[in-house]
Structures are given as structure tokens and as C-alpha cells.
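The data block below is run-v1.pdb; it holds PDB, C-alpha atoms.
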```pdb
ATOM      1  CA  MET A 105       0.000   0.000   0.000  1.00  0.00           C
ATOM      2  CA  ASP A 106       1.262   3.465  -0.936  1.00  0.00           C
ATOM      3  CA  VAL A 107       0.594   6.114   1.722  1.00  0.00           C
ATOM      4  CA  ARG A 108       1.629   9.511   0.355  1.00  0.00           C
ATOM      5  CA  VAL A 109       3.000  11.638   3.203  1.00  0.00           C
ATOM      6  CA  GLY A 110       4.012  15.250   2.694  1.00  0.00           C
ATOM      7  CA  LEU A 111       3.861  18.815   3.948  1.00  0.00           C
ATOM      8  CA  CYS A 112       1.785  21.865   3.174  1.00  0.00           C
ATOM      9  CA  GLY A 113       4.542  24.201   2.014  1.00  0.00           C
ATOM     10  CA  TRP A 114       8.250  23.618   1.411  1.00  0.00           C
ATOM     11  CA  THR A 115       9.201  24.433   5.057  1.00  0.00           C
ATOM     12  CA  VAL A 116      12.712  23.060   4.408  1.00  0.00           C
ATOM     13  CA  SER A 117      14.939  23.546   1.366  1.00  0.00           C
ATOM     14  CA  GLN A 118      13.753  21.954  -1.853  1.00  0.00           C
ATOM     15  CA  ALA A 119      16.837  19.727  -2.078  1.00  0.00           C
ATOM     16  CA  SER A 120      16.254  18.435   1.455  1.00  0.00           C
ATOM     17  CA  TYR A 121      12.508  18.100   0.978  1.00  0.00           C
ATOM     18  CA  VAL A 122      12.612  15.784  -2.033  1.00  0.00           C
ATOM     19  CA  GLN A 123      14.907  13.425  -0.144  1.00  0.00           C
ATOM     20  CA  ARG A 124      12.386  13.119   2.694  1.00  0.00           C
ATOM     21  CA  PHE A 125       8.938  13.272   1.090  1.00  0.00           C
ATOM     22  CA  PRO A 126       7.326  12.228  -2.216  1.00  0.00           C
ATOM     23  CA  VAL A 127       4.638  14.925  -2.416  1.00  0.00           C
ATOM     24  CA  LEU A 128       4.244  18.633  -1.668  1.00  0.00           C
ATOM     25  CA  GLU A 129       1.114  20.737  -1.352  1.00  0.00           C
ATOM     26  CA  VAL A 130       2.004  24.164  -2.755  1.00  0.00           C
ATOM     27  CA  GLN A 131       0.774  27.070  -0.618  1.00  0.00           C
ATOM     28  CA  HIS A 132       2.152  29.959  -2.691  1.00  0.00           C
ATOM     29  CA  THR A 133      -0.642  29.513  -5.225  1.00  0.00           C
ATOM     30  CA  PHE A 134      -3.197  30.344  -2.527  1.00  0.00           C
ATOM     31  CA  TYR A 135      -1.747  33.665  -1.428  1.00  0.00           C
ATOM     32  CA  GLU A 136      -0.533  34.858  -4.831  1.00  0.00           C
ATOM     33  CA  PRO A 137       0.519  32.453  -7.601  1.00  0.00           C
ATOM     34  CA  PRO A 138       4.222  32.569  -8.492  1.00  0.00           C
ATOM     35  CA  SER A 139       5.384  33.237 -12.028  1.00  0.00           C
ATOM     36  CA  ASP A 140       5.556  30.412 -14.549  1.00  0.00           C
ATOM     37  CA  GLY A 141       9.343  30.720 -14.363  1.00  0.00           C
ATOM     38  CA  VAL A 142       9.382  29.910 -10.659  1.00  0.00           C
ATOM     39  CA  LEU A 143       6.970  27.015 -11.103  1.00  0.00           C
ATOM     40  CA  THR A 144       8.959  25.636 -14.040  1.00  0.00           C
ATOM     41  CA  ARG A 145      12.117  25.731 -11.934  1.00  0.00           C
ATOM     42  CA  TRP A 146      10.404  23.837  -9.107  1.00  0.00           C
ATOM     43  CA  ARG A 147       9.197  21.185 -11.519  1.00  0.00           C
ATOM     44  CA  SER A 148      12.580  20.807 -13.202  1.00  0.00           C
ATOM     45  CA  GLN A 149      14.481  20.464  -9.932  1.00  0.00           C
ATOM     46  CA  VAL A 150      12.520  17.527  -8.494  1.00  0.00           C
ATOM     47  CA  PRO A 151      12.559  13.846  -9.465  1.00  0.00           C
ATOM     48  CA  ALA A 152      10.258  12.821 -12.311  1.00  0.00           C
ATOM     49  CA  ASP A 153       7.989  10.896  -9.939  1.00  0.00           C
ATOM     50  CA  PHE A 154       7.758  13.713  -7.375  1.00  0.00           C
ATOM     51  CA  GLU A 155       4.176  14.878  -6.935  1.00  0.00           C
ATOM     52  CA  PHE A 156       2.733  18.350  -6.516  1.00  0.00           C
ATOM     53  CA  THR A 157      -0.751  19.263  -5.342  1.00  0.00           C
ATOM     54  CA  ILE A 158      -1.750  22.933  -5.113  1.00  0.00           C
ATOM     55  CA  LYS A 159      -4.169  25.212  -3.284  1.00  0.00           C
ATOM     56  CA  ALA A 160      -6.448  27.305  -5.474  1.00  0.00           C
ATOM     57  CA  TRP A 161      -5.899  31.057  -5.374  1.00  0.00           C
ATOM     58  CA  GLN A 162      -7.756  32.631  -2.451  1.00  0.00           C
ATOM     59  CA  ILE A 163      -9.619  34.899  -4.878  1.00  0.00           C
ATOM     60  CA  VAL A 164     -11.800  31.876  -5.663  1.00  0.00           C
ATOM     61  CA  THR A 165     -12.715  30.903  -2.110  1.00  0.00           C
ATOM     62  CA  HIS A 166     -12.071  33.767   0.320  1.00  0.00           C
ATOM     63  CA  GLU A 167     -14.006  37.008   0.686  1.00  0.00           C
ATOM     64  CA  SER A 168     -12.093  40.264   0.232  1.00  0.00           C
ATOM     65  CA  ASN A 169     -12.137  40.970   3.989  1.00  0.00           C
ATOM     66  CA  SER A 170     -10.151  37.809   4.757  1.00  0.00           C
ATOM     67  CA  PRO A 171      -6.868  38.536   6.615  1.00  0.00           C
ATOM     68  CA  THR A 172      -5.109  36.173   4.190  1.00  0.00           C
ATOM     69  CA  TYR A 173      -5.163  38.946   1.567  1.00  0.00           C
ATOM     70  CA  ARG A 174      -2.525  40.797   3.570  1.00  0.00           C
ATOM     71  CA  ARG A 175       0.021  38.421   2.077  1.00  0.00           C
ATOM     72  CA  MET A 176      -0.697  39.517  -1.468  1.00  0.00           C
ATOM     73  CA  LYS A 177       2.127  41.623  -2.893  1.00  0.00           C
ATOM     74  CA  ARG A 178      -0.341  43.576  -4.996  1.00  0.00           C
ATOM     75  CA  PRO A 179      -3.464  44.526  -3.032  1.00  0.00           C
ATOM     76  CA  LEU A 180      -6.851  43.744  -4.485  1.00  0.00           C
ATOM     77  CA  PRO A 181      -8.129  46.620  -6.608  1.00  0.00           C
ATOM     78  CA  GLU A 182     -10.946  48.573  -4.996  1.00  0.00           C
ATOM     79  CA  ASP A 183     -13.500  47.423  -7.558  1.00  0.00           C
ATOM     80  CA  ALA A 184     -12.777  43.780  -6.646  1.00  0.00           C
ATOM     81  CA  HIS A 185     -13.873  44.194  -3.029  1.00  0.00           C
ATOM     82  CA  GLY A 186     -17.091  42.273  -2.486  1.00  0.00           C
ATOM     83  CA  GLN A 187     -16.628  40.556  -5.859  1.00  0.00           C
ATOM     84  CA  VAL A 188     -14.257  37.766  -4.900  1.00  0.00           C
ATOM     85  CA  GLY A 189     -14.440  34.564  -2.892  1.00  0.00           C
ATOM     86  CA  GLY A 190     -17.349  32.306  -2.074  1.00  0.00           C
ATOM     87  CA  PHE A 191     -17.236  30.709  -5.538  1.00  0.00           C
ATOM     88  CA  ARG A 192     -18.697  33.799  -7.188  1.00  0.00           C
ATOM     89  CA  THR A 193     -18.556  33.570 -10.967  1.00  0.00           C
ATOM     90  CA  THR A 194     -17.362  37.154 -11.422  1.00  0.00           C
ATOM     91  CA  PRO A 195     -14.667  37.959 -14.024  1.00  0.00           C
ATOM     92  CA  THR A 196     -12.086  38.390 -11.238  1.00  0.00           C
ATOM     93  CA  VAL A 197     -12.837  35.002  -9.697  1.00  0.00           C
ATOM     94  CA  LEU A 198     -12.904  33.223 -13.047  1.00  0.00           C
ATOM     95  CA  ALA A 199      -9.560  34.798 -13.975  1.00  0.00           C
ATOM     96  CA  GLY A 200      -8.178  33.653 -10.620  1.00  0.00           C
ATOM     97  CA  TRP A 201      -9.336  30.122 -11.321  1.00  0.00           C
ATOM     98  CA  GLU A 202      -7.751  30.159 -14.772  1.00  0.00           C
ATOM     99  CA  ARG A 203      -4.443  31.226 -13.223  1.00  0.00           C
ATOM    100  CA  THR A 204      -4.775  28.378 -10.717  1.00  0.00           C
ATOM    101  CA  LEU A 205      -5.226  25.912 -13.587  1.00  0.00           C
ATOM    102  CA  GLU A 206      -2.208  27.357 -15.384  1.00  0.00           C
ATOM    103  CA  CYS A 207      -0.102  26.783 -12.264  1.00  0.00           C
ATOM    104  CA  ALA A 208      -1.381  23.210 -12.021  1.00  0.00           C
ATOM    105  CA  ARG A 209      -0.445  22.557 -15.641  1.00  0.00           C
ATOM    106  CA  VAL A 210       3.097  23.907 -15.238  1.00  0.00           C
ATOM    107  CA  LEU A 211       3.689  21.835 -12.088  1.00  0.00           C
ATOM    108  CA  ARG A 212       1.824  18.820 -13.527  1.00  0.00           C
ATOM    109  CA  ALA A 213      -0.129  18.839 -10.277  1.00  0.00           C
ATOM    110  CA  THR A 214      -2.241  15.794  -9.502  1.00  0.00           C
ATOM    111  CA  ALA A 215      -4.850  17.709  -7.500  1.00  0.00           C
ATOM    112  CA  VAL A 216      -6.176  21.214  -6.840  1.00  0.00           C
ATOM    113  CA  LEU A 217      -7.534  22.072  -3.389  1.00  0.00           C
ATOM    114  CA  LEU A 218     -10.468  24.394  -2.809  1.00  0.00           C
ATOM    115  CA  GLN A 219     -10.019  25.349   0.835  1.00  0.00           C
ATOM    116  CA  CYS A 220     -12.900  27.356   2.258  1.00  0.00           C
ATOM    117  CA  PRO A 221     -12.832  29.585   5.343  1.00  0.00           C
ATOM    118  CA  LYS A 222     -15.025  28.681   8.308  1.00  0.00           C
ATOM    119  CA  SER A 223     -17.254  31.603   7.354  1.00  0.00           C
ATOM    120  CA  PHE A 224     -18.357  29.712   4.232  1.00  0.00           C
ATOM    121  CA  ARG A 225     -21.357  28.058   5.857  1.00  0.00           C
ATOM    122  CA  PRO A 226     -23.835  25.569   4.344  1.00  0.00           C
ATOM    123  CA  THR A 227     -26.445  28.162   3.385  1.00  0.00           C
ATOM    124  CA  ALA A 228     -28.640  27.682   0.339  1.00  0.00           C
ATOM    125  CA  GLU A 229     -26.823  30.539  -1.407  1.00  0.00           C
ATOM    126  CA  ASN A 230     -23.375  29.102  -0.751  1.00  0.00           C
ATOM    127  CA  VAL A 231     -24.372  25.616  -1.836  1.00  0.00           C
ATOM    128  CA  GLN A 232     -25.791  26.994  -5.084  1.00  0.00           C
ATOM    129  CA  ARG A 233     -22.659  29.061  -5.694  1.00  0.00           C
ATOM    130  CA  LEU A 234     -20.505  25.983  -5.245  1.00  0.00           C
ATOM    131  CA  ARG A 235     -22.685  24.004  -7.626  1.00  0.00           C
ATOM    132  CA  ASP A 236     -22.697  26.778 -10.230  1.00  0.00           C
ATOM    133  CA  PHE A 237     -18.960  27.329 -10.024  1.00  0.00           C
ATOM    134  CA  VAL A 238     -17.877  23.693 -10.239  1.00  0.00           C
ATOM    135  CA  GLY A 239     -20.425  23.035 -12.953  1.00  0.00           C
ATOM    136  CA  GLN A 240     -19.238  25.966 -15.056  1.00  0.00           C
ATOM    137  CA  VAL A 241     -15.450  26.109 -14.838  1.00  0.00           C
ATOM    138  CA  GLU A 242     -12.832  23.941 -16.488  1.00  0.00           C
ATOM    139  CA  ARG A 243     -11.679  21.181 -14.158  1.00  0.00           C
ATOM    140  CA  PRO A 244      -8.033  20.402 -13.450  1.00  0.00           C
ATOM    141  CA  VAL A 245      -6.429  17.374 -15.050  1.00  0.00           C
ATOM    142  CA  GLY A 246      -6.143  15.713 -11.638  1.00  0.00           C
ATOM    143  CA  ARG A 247      -8.588  15.514  -8.767  1.00  0.00           C
ATOM    144  CA  LEU A 248     -10.568  18.422  -7.388  1.00  0.00           C
ATOM    145  CA  LEU A 249     -10.316  18.571  -3.586  1.00  0.00           C
ATOM    146  CA  TRP A 250     -12.663  20.470  -1.282  1.00  0.00           C
ATOM    147  CA  GLU A 251     -12.012  21.387   2.349  1.00  0.00           C
ATOM    148  CA  PRO A 252     -15.034  23.058   3.986  1.00  0.00           C
ATOM    149  CA  ARG A 253     -13.587  24.267   7.267  1.00  0.00           C
ATOM    150  CA  GLY A 254     -16.920  25.016   8.939  1.00  0.00           C
ATOM    151  CA  GLU A 255     -19.661  22.699  10.201  1.00  0.00           C
ATOM    152  CA  TRP A 256     -21.463  21.026   7.303  1.00  0.00           C
ATOM    153  CA  PRO A 257     -24.093  18.255   7.563  1.00  0.00           C
ATOM    154  CA  THR A 258     -22.634  14.886   6.618  1.00  0.00           C
ATOM    155  CA  GLN A 259     -25.504  14.066   4.258  1.00  0.00           C
ATOM    156  CA  LEU A 260     -25.076  17.334   2.372  1.00  0.00           C
ATOM    157  CA  LEU A 261     -21.325  16.774   2.090  1.00  0.00           C
ATOM    158  CA  THR A 262     -21.912  13.277   0.742  1.00  0.00           C
ATOM    159  CA  GLU A 263     -24.421  14.515  -1.833  1.00  0.00           C
ATOM    160  CA  LEU A 264     -22.260  17.400  -3.035  1.00  0.00           C
ATOM    161  CA  CYS A 265     -19.073  15.333  -3.313  1.00  0.00           C
ATOM    162  CA  ALA A 266     -20.890  12.671  -5.315  1.00  0.00           C
ATOM    163  CA  GLU A 267     -22.720  15.173  -7.526  1.00  0.00           C
ATOM    164  CA  LEU A 268     -19.707  17.404  -8.216  1.00  0.00           C
ATOM    165  CA  ASP A 269     -16.998  14.705  -8.148  1.00  0.00           C
ATOM    166  CA  LEU A 270     -15.135  16.294  -5.239  1.00  0.00           C
ATOM    167  CA  VAL A 271     -12.724  14.731  -2.768  1.00  0.00           C
ATOM    168  CA  HIS A 272     -13.738  15.705   0.770  1.00  0.00           C
ATOM    169  CA  VAL A 273     -10.648  16.943   2.649  1.00  0.00           C
ATOM    170  CA  VAL A 274     -10.571  16.958   6.456  1.00  0.00           C
ATOM    171  CA  ASP A 275      -8.276  17.028   9.455  1.00  0.00           C
ATOM    172  CA  PRO A 276      -8.690  13.447  10.745  1.00  0.00           C
ATOM    173  CA  MET A 277      -8.111  14.618  14.311  1.00  0.00           C
ATOM    174  CA  GLN A 278     -11.344  16.609  14.037  1.00  0.00           C
ATOM    175  CA  THR A 279     -13.690  14.642  11.770  1.00  0.00           C
ATOM    176  CA  GLU A 280     -13.827  11.987   9.045  1.00  0.00           C
ATOM    177  CA  THR A 281     -14.027  12.298   5.298  1.00  0.00           C
ATOM    178  CA  VAL A 282     -17.133  11.271   3.368  1.00  0.00           C
ATOM    179  CA  THR A 283     -14.870  10.114   0.512  1.00  0.00           C
ATOM    180  CA  PRO A 284     -12.618   7.544   2.256  1.00  0.00           C
ATOM    181  CA  GLU A 285     -11.945   5.836  -1.066  1.00  0.00           C
ATOM    182  CA  GLN A 286     -10.010   8.997  -2.007  1.00  0.00           C
ATOM    183  CA  THR A 287      -8.547   9.988   1.342  1.00  0.00           C
ATOM    184  CA  TYR A 288      -6.703  13.319   1.492  1.00  0.00           C
ATOM    185  CA  TYR A 289      -6.012  14.381   5.064  1.00  0.00           C
ATOM    186  CA  ARG A 290      -4.641  17.795   6.122  1.00  0.00           C
ATOM    187  CA  LEU A 291      -3.469  17.953   9.739  1.00  0.00           C
ATOM    188  CA  HIS A 292      -3.617  21.481  11.128  1.00  0.00           C
ATOM    189  CA  GLY A 293      -2.761  20.670  14.758  1.00  0.00           C
ATOM    190  CA  THR A 294      -5.220  19.182  17.230  1.00  0.00           C
ATOM    191  CA  LYS A 295      -4.862  22.023  19.747  1.00  0.00           C
ATOM    192  CA  GLY A 296      -3.729  24.735  17.352  1.00  0.00           C
ATOM    193  CA  SER A 297      -1.008  25.233  14.776  1.00  0.00           C
ATOM    194  CA  ARG A 298       1.826  24.764  17.315  1.00  0.00           C
ATOM    195  CA  HIS A 299       0.504  21.385  18.435  1.00  0.00           C
ATOM    196  CA  VAL A 300       2.932  18.465  18.310  1.00  0.00           C
ATOM    197  CA  HIS A 301       0.976  15.326  17.535  1.00  0.00           C
ATOM    198  CA  THR A 302       1.264  12.680  20.225  1.00  0.00           C
ATOM    199  CA  ASP A 303       2.409   9.139  19.534  1.00  0.00           C
ATOM    200  CA  ASP A 304      -1.132   7.927  20.228  1.00  0.00           C
ATOM    201  CA  GLU A 305      -2.561  10.372  17.697  1.00  0.00           C
ATOM    202  CA  LEU A 306      -0.125   9.262  15.013  1.00  0.00           C
ATOM    203  CA  LEU A 307      -0.755   5.585  15.783  1.00  0.00           C
ATOM    204  CA  ARG A 308      -4.508   6.107  15.443  1.00  0.00           C
ATOM    205  CA  LEU A 309      -3.885   7.939  12.197  1.00  0.00           C
ATOM    206  CA  ARG A 310      -1.783   5.063  10.889  1.00  0.00           C
ATOM    207  CA  ASP A 311      -4.473   2.547  11.767  1.00  0.00           C
ATOM    208  CA  ARG A 312      -7.057   4.714  10.015  1.00  0.00           C
ATOM    209  CA  VAL A 313      -5.254   4.939   6.677  1.00  0.00           C
ATOM    210  CA  VAL A 314      -4.024   1.350   6.483  1.00  0.00           C
ATOM    211  CA  GLY A 315      -6.146  -0.506   3.959  1.00  0.00           C
ATOM    212  CA  ARG A 316      -7.312   2.573   2.071  1.00  0.00           C
ATOM    213  CA  PRO A 317      -6.339   2.976  -1.585  1.00  0.00           C
ATOM    214  CA  SER A 318      -3.344   5.355  -1.847  1.00  0.00           C
ATOM    215  CA  PRO A 319      -4.289   7.795   0.937  1.00  0.00           C
ATOM    216  CA  TYR A 320      -2.614  11.201   1.297  1.00  0.00           C
ATOM    217  CA  VAL A 321      -1.534  12.513   4.700  1.00  0.00           C
ATOM    218  CA  MET A 322      -0.387  16.145   4.561  1.00  0.00           C
ATOM    219  CA  PHE A 323       0.925  17.908   7.674  1.00  0.00           C
ATOM    220  CA  ASN A 324       0.117  21.618   8.050  1.00  0.00           C
ATOM    221  CA  ASN A 325       0.907  22.309  11.723  1.00  0.00           C
ATOM    222  CA  LEU A 326       4.015  24.350  12.541  1.00  0.00           C
ATOM    223  CA  PRO A 327       6.075  21.360  13.818  1.00  0.00           C
ATOM    224  CA  ARG A 328       5.061  19.503  10.661  1.00  0.00           C
ATOM    225  CA  VAL A 329       8.478  18.302   9.509  1.00  0.00           C
ATOM    226  CA  ARG A 330       9.149  16.270  12.632  1.00  0.00           C
ATOM    227  CA  ASP A 331       5.550  15.030  12.917  1.00  0.00           C
ATOM    228  CA  ALA A 332       5.561  13.834   9.306  1.00  0.00           C
ATOM    229  CA  GLU A 333       8.875  12.040   9.780  1.00  0.00           C
ATOM    230  CA  ARG A 334       7.597  10.373  12.953  1.00  0.00           C
ATOM    231  CA  PHE A 335       4.511   9.257  11.063  1.00  0.00           C
ATOM    232  CA  LEU A 336       6.646   7.824   8.243  1.00  0.00           C
ATOM    233  CA  ALA A 337       8.626   5.867  10.837  1.00  0.00           C
ATOM    234  CA  LEU A 338       5.409   4.414  12.256  1.00  0.00           C
ATOM    235  CA  LEU A 339       4.321   3.362   8.771  1.00  0.00           C
ATOM    236  CA  SER A 340       7.688   1.738   8.201  1.00  0.00           C
ATOM    237  CA  GLU A 341       7.467  -0.165  11.490  1.00  0.00           C
ATOM    238  CA  ALA A 342       4.125  -1.545  10.352  1.00  0.00           C
ATOM    239  CA  GLY A 343       5.582  -2.637   7.034  1.00  0.00           C
ATOM    240  CA  VAL A 344       3.532  -0.056   5.095  1.00  0.00           C
TER     241      VAL A 344
END
```

Take the structure in the file and give it back as C-alpha cells.
Amino acid sequence: MDVRVGLCGWTVSQASYVQRFPVLEVQHTFYEPPSDGVLTRWRSQVPADFEFTIKAWQIVTHESNSPTYRRMKRPLPEDAHGQVGGFRTTPTVLAGWERTLECARVLRATAVLLQCPKSFRPTAENVQRLRDFVGQVERPVGRLLWEPRGEWPTQLLTELCAELDLVHVVDPMQTETVTPEQTYYRLHGTKGSRHVHTDDELLRLRDRVVGRPSPYVMFNNLPRVRDAERFLALLSEAGV
């Protein structure tokens, strides 16, 4: 069984990273996509079988008042305020999605993640926006991942993932995915981003993924390098 373990963001140097992990979830594309030149260099400097997944540009998912926009080098233009995020199909959002797809093509990414803020709640309007957006836009070559960070009814999640062909992304320390046949876990830290996962937590995580078809386990807490390496050691001990 192939458990794909990686980090959300380089965190360590690229040369060191590719010796430790087989997959990286690119974060730069969320805050502000890098140039094609930067992406081409990343792709050319990793082994042929190294895998990239990427986060969609925040313009697609996050409202203009989100604090994450502070990390954009070029601030949103005034006329874009109130016109971005929440899967709106405005010209700005659609252009942001097209740039996300371009990044995925350059990196030959196997998946694109739509990560929503907790403020994106399961209202009728939001559900319809999600349906309209996914039904209208071009899909990536790989899988389309969706991480709704707020509280969503399990039945609604199941229906939407089946209808829209989405992979339901969760932190397994908080809840369980409704698409276990395509497991993609993102671990944010059980007690906050500085949380170091306990041995018991990592053992439970190992037992959960064993037997699933090619699950992904991506660490996003601040001590993620060490936690991911500890988890890899546990997998190795189990002969996985």
C-alpha cells in the first residue's frame, strides 16, 4: 500500500525536501501564484515521480475581507472588493481560477484544493454558488479537492461530493471524510497550529489509513516536519 506523506509548504529547502517526502502541497498559489518561471524551476528540480498538489488562489474561495489577503504583494483593486471569494462567478474570480489551472499545468499537479474559510457556511446561497462554479469552470487534469472548514451536515457533504466529483478533505483529528476511497487528510494541529501530535494520535492515524487505496496525509501544523517524519517511521514499522 502506498501512503503519500508530505507537507503543506516547502518548510525546508527543496533539495532536502525531495529526499524526505514524495509529495508537496504548494501554498504559494493560494496567497498569490508565483510566475511560470518559478513554477517551471520547481518542476525541473525535483525527481520525475515527485508529486505536486496545489491550493487554489484565495480569490476563488475567500471574501475580500479575509486577513489572508494581507500576504498579497499587490493589493486587491478597490473594484474587486465584495466581488471575490465564495465561488462567485465574477470575471475576477474566473480569472483567478484560470491562473490556478495554469499553475497546475506547469507543475503537472495531480490535484487542486479548494479550501474554504469557516465563514463559508452551508447556506442555500453558498451551496448553489458551489454548484454553479464547479459546474461551469474547467476542471483540473487531476482531482478536485474540497475542504469546507466550517460545520457542514454529513448528508449534504456526501451529496455534493458525489454530484460534483469532489474529494472531501478533512483534518482526521477533528472529523472523518465522506470520501474515504479517495482519502486526502490535512493535519492542522489538534490544539492549534503549534501542536505536536502525540504518539497515540499518530498511531490512530496510521491505523485509520491502512487498507485505504493510496491515501494522502499532509501535515500543516508548525512542527510539521518532525511530525511527518515520525509518522513515516510508524508506517515503516508496520511494514507499510

### Query
If you count only C-alpha atoms, which residues fall within 8 Å of Val164 in chain A, apart from same-chain ones fewer than 3 positions away, as a list in words?
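Counting only C-alpha atoms, the residues come to Ala160, Trp161, Val188, Gly189, Gly190, Phe191, Arg192, Val197, Leu198, Gly200 and Trp201 of chain A.
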
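Of note, CA of Glu333 in chain A and CA of Arg124 in chain A are spaced 8.0 Å apart.
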
### Using all atoms listed in the file: which of A:Glu129, A:Glu242, A:Glu263, A:Asp303 has the shortest distance to Phe323 in chain A
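Ranking A:Glu129, A:Glu242, A:Glu263, A:Asp303 by distance to Phe323 in chain A, first place goes to A:Glu129.
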
### Task
Might you pull out every residue within 9 Å of range 249-252 of chain A, with only C-alpha atoms counted and same-chain residues fewer than 5 positions away left off, and present them as a PyMOL selection string?
chain A and resi 215-222+224-225+265+269-274+288

### Message
Could you tell me how far CA of Pro138 in chain A sits from CA of Gln123 in chain A, in Å to one decimal place?
### Response
23.5 Å

### Task
Return as a ChimeraX atom specification the set of residues that the PyMOL selection byres ((chain A and resi 257) around 12) yields on the displayed structure.
/A:225-227,231,252,254-256,258-264,279,281-282

### Query
Which of these residues is nearest to Asn169 in chain A, using all atoms listed in the file: A:Arg108, A:His132, A:His185, A:Arg247?
A:His185

### Task
Run the PyMOL selection byres ((chain A and resi 209) around 12) on the file and write out the hits as an MDAnalysis selection string.
chainID A and resid 140 143:144 147 156:158 202:208 210:216 243:246

### Task
Mind giving me the straight-line distance from CA of Gly110 in chain A to CA of His166 in chain A in Å, one decimal?
24.6 Å

Determine the residue membership of the PyMOL selection byres ((chain A and resi 325) around 12) for the file above and supply it as a compact mmCIF listing (two decimals) with C-alpha atoms, in the frame of the given file.
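Saved the output as part.txt:
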```txt
# COMPACT_ATOMS: atom_id res chain seq x y z
CA GLY A 110 4.01 15.25 2.69
CA LEU A 111 3.86 18.82 3.95
CA CYS A 112 1.78 21.86 3.17
CA GLY A 113 4.54 24.20 2.01
CA THR A 115 9.20 24.43 5.06
CA ASP A 275 -8.28 17.03 9.46
CA ARG A 290 -4.64 17.80 6.12
CA LEU A 291 -3.47 17.95 9.74
CA HIS A 292 -3.62 21.48 11.13
CA GLY A 293 -2.76 20.67 14.76
CA THR A 294 -5.22 19.18 17.23
CA LYS A 295 -4.86 22.02 19.75
CA GLY A 296 -3.73 24.74 17.35
CA SER A 297 -1.01 25.23 14.78
CA ARG A 298 1.83 24.76 17.32
CA HIS A 299 0.50 21.38 18.43
CA VAL A 300 2.93 18.46 18.31
CA HIS A 301 0.98 15.33 17.54
CA MET A 322 -0.39 16.14 4.56
CA PHE A 323 0.92 17.91 7.67
CA ASN A 324 0.12 21.62 8.05
CA LEU A 326 4.01 24.35 12.54
CA PRO A 327 6.08 21.36 13.82
CA ARG A 328 5.06 19.50 10.66
CA VAL A 329 8.48 18.30 9.51
CA ARG A 330 9.15 16.27 12.63
CA ASP A 331 5.55 15.03 12.92
CA ALA A 332 5.56 13.83 9.31
```

Neighbouring residues of Val109 in chain A were defined as those with any atom within 7 Å, considering only C-alpha atoms; residues of the same chain fewer than 5 positions away were excluded. Please report them as a PDB file with C-alpha atoms, keeping the file's coordinate frame.
```pdb
ATOM      1  CA  PHE A 125       8.938  13.272   1.090  1.00  0.00           C
ATOM      2  CA  PRO A 126       7.326  12.228  -2.216  1.00  0.00           C
ATOM      3  CA  VAL A 127       4.638  14.925  -2.416  1.00  0.00           C
ATOM      4  CA  TYR A 320      -2.614  11.201   1.297  1.00  0.00           C
ATOM      5  CA  VAL A 321      -1.534  12.513   4.700  1.00  0.00           C
ATOM      6  CA  MET A 322      -0.387  16.145   4.561  1.00  0.00           C
ATOM      7  CA  ALA A 332       5.561  13.834   9.306  1.00  0.00           C
TER       8      ALA A 332
END
```

Return as AutoDock Vina command-line options the box centre and box size in Å, one decimal, for an axis-aligned box around all listed atoms of range 233-249 of chain A padded by 4 Å per side.
```
--center_x -14.4 --center_y 22.3 --center_z -10.0 --size_x 24.6 --size_y 21.5 --size_z 20.9
```

### Option closest in space to Arg310 in chain A, from A:Ala342, A:Ala228, A:Leu248, A:Met277 [counting all atoms listed in the file]
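Using all atoms listed in the file, the shortest distance to Arg310 in chain A belongs to A:Ala342.
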
### Query
Out of A:Tyr173, A:Val107, A:Ile163, A:Gly186, which residue has the shortest atom-to-atom distance to Arg312 in chain A when counting all atoms listed in the file?
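Answer, going by the shortest atom-to-atom distance: A:Val107.
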